[in-house]
>>> print(open('structure_38.pdb').read())   # PDB, C-alpha atoms
MODEL        1
ATOM      1  CA  MET A   1      -1.266 -10.920  -8.271
ATOM      2  CA  THR A   2      -0.341  -8.692 -11.189
ATOM      3  CA  HIS A   3       2.846  -6.699 -11.214
ATOM      4  CA  GLN A   4       2.817  -3.007 -11.913
ATOM      5  CA  VAL A   5       5.306  -1.028 -13.959
ATOM      6  CA  HIS A   6       5.388   2.650 -13.037
ATOM      7  CA  ALA A   7       6.956   4.220 -16.135
ATOM      8  CA  PHE A   8       8.024   7.865 -16.329
ATOM      9  CA  GLU A   9       9.606   8.508 -19.727
ATOM     10  CA  PRO A  10      10.546  11.267 -18.920
ATOM     11  CA  PRO A  11       9.390  12.314 -15.433
ATOM     12  CA  GLU A  12       8.644  15.923 -14.479
ATOM     13  CA  ARG A  13      10.793  15.271 -11.388
ATOM     14  CA  PHE A  14      12.952  12.328 -10.270
ATOM     15  CA  VAL A  15      14.885  12.629  -7.005
ATOM     16  CA  ALA A  16      16.382  10.754  -4.095
ATOM     17  CA  GLY A  17      15.250  12.004  -0.705
ATOM     18  CA  THR A  18      14.675  11.040   2.902
ATOM     19  CA  VAL A  19      12.012  11.106   5.573
ATOM     20  CA  GLY A  20      12.993  11.248   9.241
ATOM     21  CA  ALA A  21      15.811  12.561  11.425
ATOM     22  CA  PRO A  22      19.462  11.647  10.770
ATOM     23  CA  GLY A  23      20.107   8.181  12.121
ATOM     24  CA  GLU A  24      16.468   7.238  11.552
ATOM     25  CA  ARG A  25      16.077   8.316   7.946
ATOM     26  CA  THR A  26      14.213   6.269   5.353
ATOM     27  CA  PHE A  27      15.561   6.747   1.834
ATOM     28  CA  PHE A  28      13.286   7.045  -1.192
ATOM     29  CA  LEU A  29      13.422   7.425  -4.944
ATOM     30  CA  GLN A  30      10.483   9.540  -6.050
ATOM     31  CA  ALA A  31       9.135  10.120  -9.553
ATOM     32  CA  ARG A  32       6.419  12.605 -10.518
ATOM     33  CA  GLY A  33       4.722  13.107 -13.844
ATOM     34  CA  GLY A  34       1.372  13.007 -15.600
ATOM     35  CA  GLY A  35      -0.490  13.643 -12.354
ATOM     36  CA  ARG A  36       1.123  10.590 -10.716
ATOM     37  CA  LEU A  37       3.524  10.397  -7.776
ATOM     38  CA  VAL A  38       5.449   7.183  -7.034
ATOM     39  CA  SER A  39       7.817   6.714  -4.078
ATOM     40  CA  VAL A  40       9.894   3.576  -3.534
ATOM     41  CA  ALA A  41      11.996   2.890  -0.429
ATOM     42  CA  LEU A  42      15.623   1.763  -0.547
ATOM     43  CA  GLU A  43      18.761   1.632   1.545
ATOM     44  CA  LYS A  44      21.264   4.485   1.908
ATOM     45  CA  VAL A  45      23.969   2.301   0.346
ATOM     46  CA  GLN A  46      21.730   1.753  -2.711
ATOM     47  CA  VAL A  47      21.340   5.531  -3.213
ATOM     48  CA  SER A  48      25.101   5.999  -2.912
ATOM     49  CA  LEU A  49      25.846   3.110  -5.284
ATOM     50  CA  LEU A  50      23.231   4.324  -7.779
ATOM     51  CA  ALA A  51      24.876   7.777  -7.964
ATOM     52  CA  GLU A  52      28.311   6.173  -8.407
ATOM     53  CA  LYS A  53      27.150   3.741 -11.112
ATOM     54  CA  LEU A  54      25.237   6.470 -12.989
ATOM     55  CA  GLU A  55      28.432   8.538 -13.093
ATOM     56  CA  GLU A  56      30.296   5.528 -14.514
ATOM     57  CA  LEU A  57      27.495   4.851 -17.022
ATOM     58  CA  LEU A  58      27.638   8.440 -18.343
ATOM     59  CA  ALA A  59      31.431   8.267 -18.667
ATOM     60  CA  GLU A  60      31.195   4.927 -20.500
ATOM     61  CA  ALA A  61      28.481   6.251 -22.842
ATOM     62  CA  GLN A  62      30.656   9.250 -23.646
ATOM     63  CA  ARG A  63      33.690   7.038 -24.264
ATOM     64  CA  ARG A  64      31.961   4.299 -26.294
ATOM     65  CA  PHE A  65      29.294   6.202 -28.196
ATOM     66  CA  GLY A  66      30.771   9.697 -28.343
ATOM     67  CA  VAL A  67      27.693  11.080 -26.624
ATOM     68  CA  ASP A  68      28.158  14.759 -25.817
ATOM     69  CA  LEU A  69      27.516  14.983 -22.090
ATOM     70  CA  PRO A  70      27.278  17.994 -19.814
ATOM     71  CA  GLU A  71      29.879  18.521 -17.133
ATOM     72  CA  ALA A  72      28.967  17.632 -13.567
ATOM     73  CA  ALA A  73      26.155  19.754 -12.211
ATOM     74  CA  PRO A  74      27.212  22.383  -9.650
ATOM     75  CA  SER A  75      26.395  21.067  -6.188
ATOM     76  CA  ALA A  76      24.844  24.318  -4.945
ATOM     77  CA  ALA A  77      22.277  24.518  -7.745
ATOM     78  CA  GLY A  78      19.587  22.022  -8.518
ATOM     79  CA  ASP A  79      16.569  20.598  -6.784
ATOM     80  CA  ASN A  80      16.908  20.869  -3.001
ATOM     81  CA  ASP A  81      13.185  20.772  -2.270
ATOM     82  CA  PRO A  82      11.816  18.095   0.046
ATOM     83  CA  LEU A  83      10.052  15.038  -1.346
ATOM     84  CA  ASP A  84       6.537  15.634  -2.635
ATOM     85  CA  THR A  85       3.829  14.554  -0.211
ATOM     86  CA  PRO A  86       2.247  12.220   0.525
ATOM     87  CA  VAL A  87       5.285   9.900   0.603
ATOM     88  CA  ASP A  88       3.538   6.527   0.283
ATOM     89  CA  GLU A  89       5.936   3.619  -0.191
ATOM     90  CA  GLU A  90       4.879   1.615  -3.271
ATOM     91  CA  PHE A  91       7.489  -1.064  -2.586
ATOM     92  CA  ARG A  92      11.015  -1.632  -1.231
ATOM     93  CA  VAL A  93      13.715  -1.793  -3.910
ATOM     94  CA  GLY A  94      15.682  -5.024  -4.234
ATOM     95  CA  THR A  95      17.448  -4.559  -7.560
ATOM     96  CA  LEU A  96      18.488  -1.477  -9.522
ATOM     97  CA  GLY A  97      19.030  -1.766 -13.262
ATOM     98  CA  LEU A  98      20.785   0.802 -15.438
ATOM     99  CA  ALA A  99      21.023   1.125 -19.188
ATOM    100  CA  PHE A 100      22.028   3.753 -21.733
ATOM    101  CA  ASP A 101      19.685   3.952 -24.717
ATOM    102  CA  VAL A 102      21.919   4.980 -27.621
ATOM    103  CA  ASP A 103      18.992   5.734 -29.968
ATOM    104  CA  THR A 104      17.510   8.413 -27.693
ATOM    105  CA  ALA A 105      20.737   9.287 -25.778
ATOM    106  CA  THR A 106      18.893   8.734 -22.496
ATOM    107  CA  VAL A 107      19.630   6.875 -19.281
ATOM    108  CA  VAL A 108      17.103   4.251 -18.182
ATOM    109  CA  ILE A 109      16.906   3.507 -14.452
ATOM    110  CA  GLU A 110      14.777   0.633 -13.249
ATOM    111  CA  ALA A 111      14.063   0.018  -9.568
ATOM    112  CA  ILE A 112      12.669  -3.474  -9.071
ATOM    113  CA  ALA A 113      10.813  -4.564  -5.945
ATOM    114  CA  ALA A 114      12.585  -6.919  -3.578
ATOM    115  CA  GLY A 115      11.492 -10.516  -4.028
ATOM    116  CA  GLU A 116      10.530 -12.625  -1.042
ATOM    117  CA  ALA A 117      13.899 -14.367  -0.798
ATOM    118  CA  GLU A 118      15.923 -11.373  -1.924
ATOM    119  CA  ALA A 119      18.136  -9.747   0.677
ATOM    120  CA  GLU A 120      21.231  -8.624  -1.194
ATOM    121  CA  VAL A 121      21.702  -5.291  -2.932
ATOM    122  CA  GLU A 122      22.302  -5.693  -6.642
ATOM    123  CA  LEU A 123      23.134  -3.211  -9.319
ATOM    124  CA  GLU A 124      23.057  -4.182 -12.964
ATOM    125  CA  ASP A 125      24.929  -2.217 -15.579
ATOM    126  CA  ASP A 126      24.006  -2.537 -19.257
ATOM    127  CA  ASP A 127      25.339  -0.125 -21.866
ATOM    128  CA  GLU A 128      23.091  -1.413 -24.646
ATOM    129  CA  ASP A 129      19.404  -0.731 -25.172
ATOM    130  CA  ASP A 130      17.531  -2.646 -22.501
ATOM    131  CA  ASP A 131      14.694  -3.891 -24.743
ATOM    132  CA  GLU A 132      16.425  -7.148 -25.622
ATOM    133  CA  ALA A 133      17.787  -7.619 -22.080
ATOM    134  CA  GLU A 134      16.267 -10.491 -20.150
ATOM    135  CA  GLU A 135      13.703  -9.162 -17.678
ATOM    136  CA  PRO A 136      14.555 -10.352 -14.162
ATOM    137  CA  ASP A 137      11.605 -11.323 -11.995
ATOM    138  CA  GLU A 138       8.795 -10.452 -14.403
ATOM    139  CA  ASP A 139       6.253 -10.726 -11.579
ATOM    140  CA  LEU A 140       7.756  -7.944  -9.431
ATOM    141  CA  ASP A 141       6.650  -4.297  -9.355
ATOM    142  CA  ARG A 142       9.072  -1.837 -10.878
ATOM    143  CA  LEU A 143       9.674   1.875 -11.318
ATOM    144  CA  ARG A 144      11.184   2.782 -14.709
ATOM    145  CA  VAL A 145      12.524   6.264 -15.376
ATOM    146  CA  ARG A 146      14.114   7.641 -18.548
ATOM    147  CA  LEU A 147      16.373  10.681 -18.035
ATOM    148  CA  THR A 148      18.439  12.950 -20.241
ATOM    149  CA  PRO A 149      22.151  13.089 -19.393
ATOM    150  CA  GLU A 150      21.569  16.582 -17.889
ATOM    151  CA  ALA A 151      18.766  15.286 -15.655
ATOM    152  CA  THR A 152      20.959  12.316 -14.698
ATOM    153  CA  ARG A 153      23.740  14.695 -13.580
ATOM    154  CA  GLU A 154      21.225  16.645 -11.467
ATOM    155  CA  PHE A 155      19.976  13.377  -9.923
ATOM    156  CA  ILE A 156      23.572  12.306  -9.094
ATOM    157  CA  ALA A 157      24.373  15.657  -7.447
ATOM    158  CA  ARG A 158      21.232  15.596  -5.299
ATOM    159  CA  ALA A 159      21.661  11.916  -4.375
ATOM    160  CA  ARG A 160      25.173  12.650  -3.103
ATOM    161  CA  ARG A 161      23.933  15.643  -1.085
ATOM    162  CA  VAL A 162      21.173  13.497   0.459
ATOM    163  CA  VAL A 163      23.572  10.691   1.405
ATOM    164  CA  ASN A 164      26.120  13.133   2.885
ATOM    165  CA  ALA A 165      23.480  15.023   4.903
ATOM    166  CA  GLY A 166      23.315  12.268   7.515
ATOM    167  CA  ARG A 167      25.164  11.944  10.790
ATOM    168  CA  PRO A 168      28.862  12.831  10.628
ATOM    169  CA  PRO A 169      31.261   9.869  10.786
ATOM    170  CA  CYS A 170      33.463   9.158  13.812
ATOM    171  CA  PRO A 171      37.018  10.259  12.958
ATOM    172  CA  LEU A 172      38.384   7.040  14.490
ATOM    173  CA  CYS A 173      36.113   4.220  13.268
ATOM    174  CA  GLY A 174      33.983   5.831  10.542
ATOM    175  CA  GLN A 175      30.680   4.762  12.109
ATOM    176  CA  PRO A 176      27.945   7.427  12.294
ATOM    177  CA  LEU A 177      28.021   9.618  15.412
ATOM    178  CA  ASP A 178      24.819  10.015  17.379
ATOM    179  CA  PRO A 179      24.191  13.351  19.124
ATOM    180  CA  ALA A 180      24.864  11.497  22.401
ATOM    181  CA  GLY A 181      28.069   9.957  20.991
ATOM    182  CA  HIS A 182      28.689   6.248  20.430
ATOM    183  CA  LEU A 183      30.729   3.352  21.736
ATOM    184  CA  CYS A 184      33.750   3.499  19.471
ATOM    185  CA  PRO A 185      35.423   0.109  18.921
ATOM    186  CA  ARG A 186      38.754   1.899  18.408
ATOM    187  CA  HIS A 187      38.666   3.118  22.040
ATOM    188  CA  ASN A 188      38.403  -0.472  23.259
ATOM    189  CA  GLY A 189      36.201   0.655  26.143
ATOM    190  CA  TYR A 190      38.512   3.441  27.314
ATOM    191  CA  HIS A 191      37.987   7.191  26.922
ATOM    192  CA  ARG A 192      40.751   9.765  26.615
TER     193      ARG A 192
ENDMDL
END
>>> encode(input="structure_38.pdb", output="structure tokens")
Amino acid sequence: MTHQVHAFEPPERFVAGTVGAPGERTFFLQARGGGRLVSVALEKVQVSLLAEKLEELLAEAQRRFGVDLPEAAPSAAGDNDPLDTPVDEEFRVGTLGLAFDVDTATVVIEAIAAGEAEAEVELEDDDEDDDEAEEPDEDLDRLRVRLTPEATREFIARARRVVNAGRPPCPLCGQPLDPAGHLCPRHNGYHR
């Protein structure tokens, strides 16, 4: 079976989004460009970690390479539209790779399909150009996106909004609250 690389360099749109009600949401990364639409599924923690690591990557690029980067995008502005339809899952993400391409001053994000034995969430961080980097799991599908620092900031802001739009956390244990409540381990079976 041949692997497929879905490359968007750059995409017309690249966003994190969800399908479903809070508590039952499925998270996606979605890229659109050149008449193509690719959606890949991933875990909420991967979206959160991706936003955090992208922020660190931009700060490191600014520090090491003197790249002039925009300030953080205002959270009220930006792309708040739903995911483009149809949302057809190409694959489930196992590994996320990040790189900063110094020559083009762009961020490269690569979402690699989960292998058969792969269960853990990984995030690679590479500040050099990724061309000479060893390709992990050559036979797995991947989504590769190249973004400007401005587009990366917009992606980070939206990803954080999407993650935070879920169920509110319990003030005692931090677990998500369902509309009907939940059995809080901090109450030890008793209610006040």
>>> resolve_selection(input="structure_38.pdb", expression="the PyMOL selection byres ((chain A and resi 148) around 9)", output="PDB file with C-alpha atoms, in the frame of the given file")
ATOM      1  CA  PRO A  10      10.546  11.267 -18.920  1.00  0.00           C
ATOM      2  CA  THR A 104      17.510   8.413 -27.693  1.00  0.00           C
ATOM      3  CA  ALA A 105      20.737   9.287 -25.778  1.00  0.00           C
ATOM      4  CA  THR A 106      18.893   8.734 -22.496  1.00  0.00           C
ATOM      5  CA  VAL A 107      19.630   6.875 -19.281  1.00  0.00           C
ATOM      6  CA  ARG A 146      14.114   7.641 -18.548  1.00  0.00           C
ATOM      7  CA  LEU A 147      16.373  10.681 -18.035  1.00  0.00           C
ATOM      8  CA  PRO A 149      22.151  13.089 -19.393  1.00  0.00           C
ATOM      9  CA  GLU A 150      21.569  16.582 -17.889  1.00  0.00           C
ATOM     10  CA  ALA A 151      18.766  15.286 -15.655  1.00  0.00           C
ATOM     11  CA  THR A 152      20.959  12.316 -14.698  1.00  0.00           C
ATOM     12  CA  ARG A 153      23.740  14.695 -13.580  1.00  0.00           C
TER      13      ARG A 153
END
>>> closest_residue(input="structure_38.pdb", among="A:Ala113, A:Ala16, A:Ala99, A:Val5", to="Arg161 (chain A)", atoms="all atoms listed in the file")
A:Ala16
>>> residues_around(input="structure_38.pdb", residues="Arg13 (chain A)", least_positions_apart="5", cutoff="7 Å", atoms="all atoms listed in the file", output="PyMOL selection string")
chain A and resi 31-33
>>> atom_distance(input="structure_38.pdb", atom1="CA of Gly78 (chain A)", atom2="CA of Gly23 (chain A)")
24.9 Å
>>> axis_aligned_box(input="structure_38.pdb", around="region 106-110 of chain A", padding_each_side="5 Å", output="AutoDock Vina command-line options")
--center_x 17.2 --center_y 4.7 --center_z -17.9 --size_x 14.9 --size_y 18.1 --size_z 19.2
>>> closest_residue(input="structure_38.pdb", among="A:Asp81, A:Arg186, A:Val163, A:Glu90", to="Phe27 (chain A)", atoms="all atoms listed in the file")
A:Val163
>>> atom_distance(input="structure_38.pdb", atom1="CA of Arg63 (chain A)", atom2="CA of Leu96 (chain A)")
22.8 Å
>>> atom_distance(input="structure_38.pdb", atom1="CA of Ala41 (chain A)", atom2="CA of Leu29 (chain A)")
6.6 Å
>>> residues_around(input="structure_38.pdb", residues="Gly20 (chain A)", least_positions_apart="4", cutoff="12 Å", atoms="all atoms listed in the file", output="compact mmCIF listing (two decimals) with C-alpha atoms, in the coordinates of the input")
# COMPACT_ATOMS: atom_id res chain seq x y z
CA GLU A 24 16.47 7.24 11.55
CA ARG A 25 16.08 8.32 7.95
CA THR A 26 14.21 6.27 5.35
CA PHE A 27 15.56 6.75 1.83
CA PHE A 28 13.29 7.04 -1.19
CA PRO A 82 11.82 18.10 0.05
CA LEU A 83 10.05 15.04 -1.35
CA VAL A 87 5.28 9.90 0.60
CA ALA A 165 23.48 15.02 4.90
CA GLY A 166 23.32 12.27 7.52
>>> resolve_selection(input="structure_38.pdb", expression="the PyMOL selection byres ((chain A and resi 110) around 6)", output="list in words")
Leu96, Gly97, Ile109, Ala111, Leu143 and Arg144 of chain A
>>> residues_near_point(input="structure_38.pdb", point="(16.4, -0.4, -3.7)", cutoff="6 Å", atoms="all atoms listed in the file", output="PyMOL selection string")
chain A and resi 42+46+93-95
>>> residues_around(input="structure_38.pdb", residues="region 49-57 of chain A", least_positions_apart="5", cutoff="7 Å", atoms="all atoms listed in the file", output="ChimeraX atom specification")
/A:156,159-160
>>> resolve_selection(input="structure_38.pdb", expression="the PyMOL selection byres ((chain A and resi 168) around 12)", output="ChimeraX atom specification")
/A:22-23,163-167,169-179,181-182
>>> closest_residue(input="structure_38.pdb", among="A:Arg64, A:Arg158, A:Arg142, A:Arg92", to="Phe8 (chain A)", atoms="only C-alpha atoms")
A:Arg142
>>> closest_residue(input="structure_38.pdb", among="A:Val145, A:Leu140, A:Val162, A:Leu183", to="Val19 (chain A)", atoms="all atoms listed in the file")
A:Val162
>>> residues_near_point(input="structure_38.pdb", point="(2.4, 14.5, -5.9)", cutoff="6 Å", atoms="all atoms listed in the file", output="MDAnalysis selection string")
chainID A and resid 37 84:85
>>> write_last_selection(input="structure_38.pdb", atoms="C-alpha atoms", output="mmCIF file, keeping the file's coordinate frame")
data_model
loop_
_atom_site.group_PDB
_atom_site.id
_atom_site.type_symbol
_atom_site.label_atom_id
_atom_site.label_comp_id
_atom_site.auth_asym_id
_atom_site.auth_seq_id
_atom_site.Cartn_x
_atom_site.Cartn_y
_atom_site.Cartn_z
ATOM 1 C CA LEU A 37 3.524 10.397 -7.776
ATOM 2 C CA ASP A 84 6.537 15.634 -2.635
ATOM 3 C CA THR A 85 3.829 14.554 -0.211
#
>>> build_atoms(input="structure_38.pdb", residues="region 139-169 of chain A", atoms="N, CA and C atoms", output="PDB file, keeping the file's coordinate frame")
ATOM      1  N   ASP A 139       7.441 -10.891 -12.411  1.00  0.00           N
ATOM      2  CA  ASP A 139       6.253 -10.726 -11.579  1.00  0.00           C
ATOM      3  C   ASP A 139       6.443  -9.717 -10.449  1.00  0.00           C
ATOM      4  N   LEU A 140       7.519  -8.935 -10.483  1.00  0.00           N
ATOM      5  CA  LEU A 140       7.756  -7.944  -9.431  1.00  0.00           C
ATOM      6  C   LEU A 140       7.427  -6.539  -9.926  1.00  0.00           C
ATOM      7  N   ASP A 141       6.916  -5.700  -9.013  1.00  0.00           N
ATOM      8  CA  ASP A 141       6.650  -4.297  -9.355  1.00  0.00           C
ATOM      9  C   ASP A 141       7.953  -3.608  -9.696  1.00  0.00           C
ATOM     10  N   ARG A 142       7.871  -2.578 -10.517  1.00  0.00           N
ATOM     11  CA  ARG A 142       9.072  -1.837 -10.878  1.00  0.00           C
ATOM     12  C   ARG A 142       8.734  -0.380 -11.182  1.00  0.00           C
ATOM     13  N   LEU A 143       9.741   0.456 -10.972  1.00  0.00           N
ATOM     14  CA  LEU A 143       9.674   1.875 -11.318  1.00  0.00           C
ATOM     15  C   LEU A 143      10.711   2.086 -12.412  1.00  0.00           C
ATOM     16  N   ARG A 144      10.270   2.549 -13.588  1.00  0.00           N
ATOM     17  CA  ARG A 144      11.184   2.782 -14.709  1.00  0.00           C
ATOM     18  C   ARG A 144      11.174   4.269 -15.051  1.00  0.00           C
ATOM     19  N   VAL A 145      12.376   4.839 -15.102  1.00  0.00           N
ATOM     20  CA  VAL A 145      12.524   6.264 -15.376  1.00  0.00           C
ATOM     21  C   VAL A 145      13.524   6.437 -16.510  1.00  0.00           C
ATOM     22  N   ARG A 146      13.210   7.323 -17.441  1.00  0.00           N
ATOM     23  CA  ARG A 146      14.114   7.641 -18.548  1.00  0.00           C
ATOM     24  C   ARG A 146      14.526   9.103 -18.400  1.00  0.00           C
ATOM     25  N   LEU A 147      15.858   9.339 -18.288  1.00  0.00           N
ATOM     26  CA  LEU A 147      16.373  10.681 -18.035  1.00  0.00           C
ATOM     27  C   LEU A 147      17.350  11.111 -19.119  1.00  0.00           C
ATOM     28  N   THR A 148      17.397  12.402 -19.374  1.00  0.00           N
ATOM     29  CA  THR A 148      18.439  12.950 -20.241  1.00  0.00           C
ATOM     30  C   THR A 148      19.746  12.928 -19.459  1.00  0.00           C
ATOM     31  N   PRO A 149      20.888  13.009 -20.135  1.00  0.00           N
ATOM     32  CA  PRO A 149      22.151  13.089 -19.393  1.00  0.00           C
ATOM     33  C   PRO A 149      22.188  14.266 -18.412  1.00  0.00           C
ATOM     34  N   GLU A 150      21.602  15.407 -18.792  1.00  0.00           N
ATOM     35  CA  GLU A 150      21.569  16.582 -17.889  1.00  0.00           C
ATOM     36  C   GLU A 150      20.771  16.254 -16.627  1.00  0.00           C
ATOM     37  N   ALA A 151      19.600  15.645 -16.805  1.00  0.00           N
ATOM     38  CA  ALA A 151      18.766  15.286 -15.655  1.00  0.00           C
ATOM     39  C   ALA A 151      19.457  14.228 -14.797  1.00  0.00           C
ATOM     40  N   THR A 152      20.217  13.336 -15.438  1.00  0.00           N
ATOM     41  CA  THR A 152      20.959  12.316 -14.698  1.00  0.00           C
ATOM     42  C   THR A 152      22.022  12.969 -13.828  1.00  0.00           C
ATOM     43  N   ARG A 153      22.735  13.967 -14.374  1.00  0.00           N
ATOM     44  CA  ARG A 153      23.740  14.695 -13.580  1.00  0.00           C
ATOM     45  C   ARG A 153      23.097  15.368 -12.372  1.00  0.00           C
ATOM     46  N   GLU A 154      21.924  15.990 -12.578  1.00  0.00           N
ATOM     47  CA  GLU A 154      21.225  16.645 -11.467  1.00  0.00           C
ATOM     48  C   GLU A 154      20.821  15.615 -10.411  1.00  0.00           C
ATOM     49  N   PHE A 155      20.352  14.435 -10.864  1.00  0.00           N
ATOM     50  CA  PHE A 155      19.976  13.377  -9.923  1.00  0.00           C
ATOM     51  C   PHE A 155      21.192  12.946  -9.107  1.00  0.00           C
ATOM     52  N   ILE A 156      22.340  12.737  -9.769  1.00  0.00           N
ATOM     53  CA  ILE A 156      23.572  12.306  -9.094  1.00  0.00           C
ATOM     54  C   ILE A 156      23.978  13.322  -8.031  1.00  0.00           C
ATOM     55  N   ALA A 157      23.962  14.614  -8.388  1.00  0.00           N
ATOM     56  CA  ALA A 157      24.373  15.657  -7.447  1.00  0.00           C
ATOM     57  C   ALA A 157      23.462  15.671  -6.216  1.00  0.00           C
ATOM     58  N   ARG A 158      22.154  15.578  -6.434  1.00  0.00           N
ATOM     59  CA  ARG A 158      21.232  15.596  -5.299  1.00  0.00           C
ATOM     60  C   ARG A 158      21.388  14.327  -4.466  1.00  0.00           C
ATOM     61  N   ALA A 159      21.526  13.178  -5.111  1.00  0.00           N
ATOM     62  CA  ALA A 159      21.661  11.916  -4.375  1.00  0.00           C
ATOM     63  C   ALA A 159      22.871  11.973  -3.451  1.00  0.00           C
ATOM     64  N   ARG A 160      23.968  12.545  -3.942  1.00  0.00           N
ATOM     65  CA  ARG A 160      25.173  12.650  -3.103  1.00  0.00           C
ATOM     66  C   ARG A 160      24.952  13.609  -1.939  1.00  0.00           C
ATOM     67  N   ARG A 161      24.237  14.708  -2.181  1.00  0.00           N
ATOM     68  CA  ARG A 161      23.933  15.643  -1.085  1.00  0.00           C
ATOM     69  C   ARG A 161      23.074  14.954  -0.029  1.00  0.00           C
ATOM     70  N   VAL A 162      22.085  14.185  -0.467  1.00  0.00           N
ATOM     71  CA  VAL A 162      21.173  13.497   0.459  1.00  0.00           C
ATOM     72  C   VAL A 162      21.940  12.482   1.307  1.00  0.00           C
ATOM     73  N   VAL A 163      22.796  11.699   0.676  1.00  0.00           N
ATOM     74  CA  VAL A 163      23.572  10.691   1.405  1.00  0.00           C
ATOM     75  C   VAL A 163      24.498  11.363   2.419  1.00  0.00           C
ATOM     76  N   ASN A 164      25.151  12.459   2.016  1.00  0.00           N
ATOM     77  CA  ASN A 164      26.120  13.133   2.885  1.00  0.00           C
ATOM     78  C   ASN A 164      25.478  13.990   3.970  1.00  0.00           C
ATOM     79  N   ALA A 165      24.160  14.170   3.920  1.00  0.00           N
ATOM     80  CA  ALA A 165      23.480  15.023   4.903  1.00  0.00           C
ATOM     81  C   ALA A 165      23.157  14.278   6.195  1.00  0.00           C
ATOM     82  N   GLY A 166      23.600  13.057   6.318  1.00  0.00           N
ATOM     83  CA  GLY A 166      23.315  12.268   7.515  1.00  0.00           C
ATOM     84  C   GLY A 166      24.224  12.635   8.664  1.00  0.00           C
ATOM     85  N   ARG A 167      24.322  11.722   9.615  1.00  0.00           N
ATOM     86  CA  ARG A 167      25.164  11.944  10.790  1.00  0.00           C
ATOM     87  C   ARG A 167      26.632  11.949  10.365  1.00  0.00           C
ATOM     88  N   PRO A 168      27.437  12.815  10.971  1.00  0.00           N
ATOM     89  CA  PRO A 168      28.862  12.831  10.628  1.00  0.00           C
ATOM     90  C   PRO A 168      29.535  11.542  11.099  1.00  0.00           C
ATOM     91  N   PRO A 169      30.574  11.094  10.380  1.00  0.00           N
ATOM     92  CA  PRO A 169      31.261   9.869  10.786  1.00  0.00           C
ATOM     93  C   PRO A 169      32.237  10.126  11.936  1.00  0.00           C
TER      94      PRO A 169
END
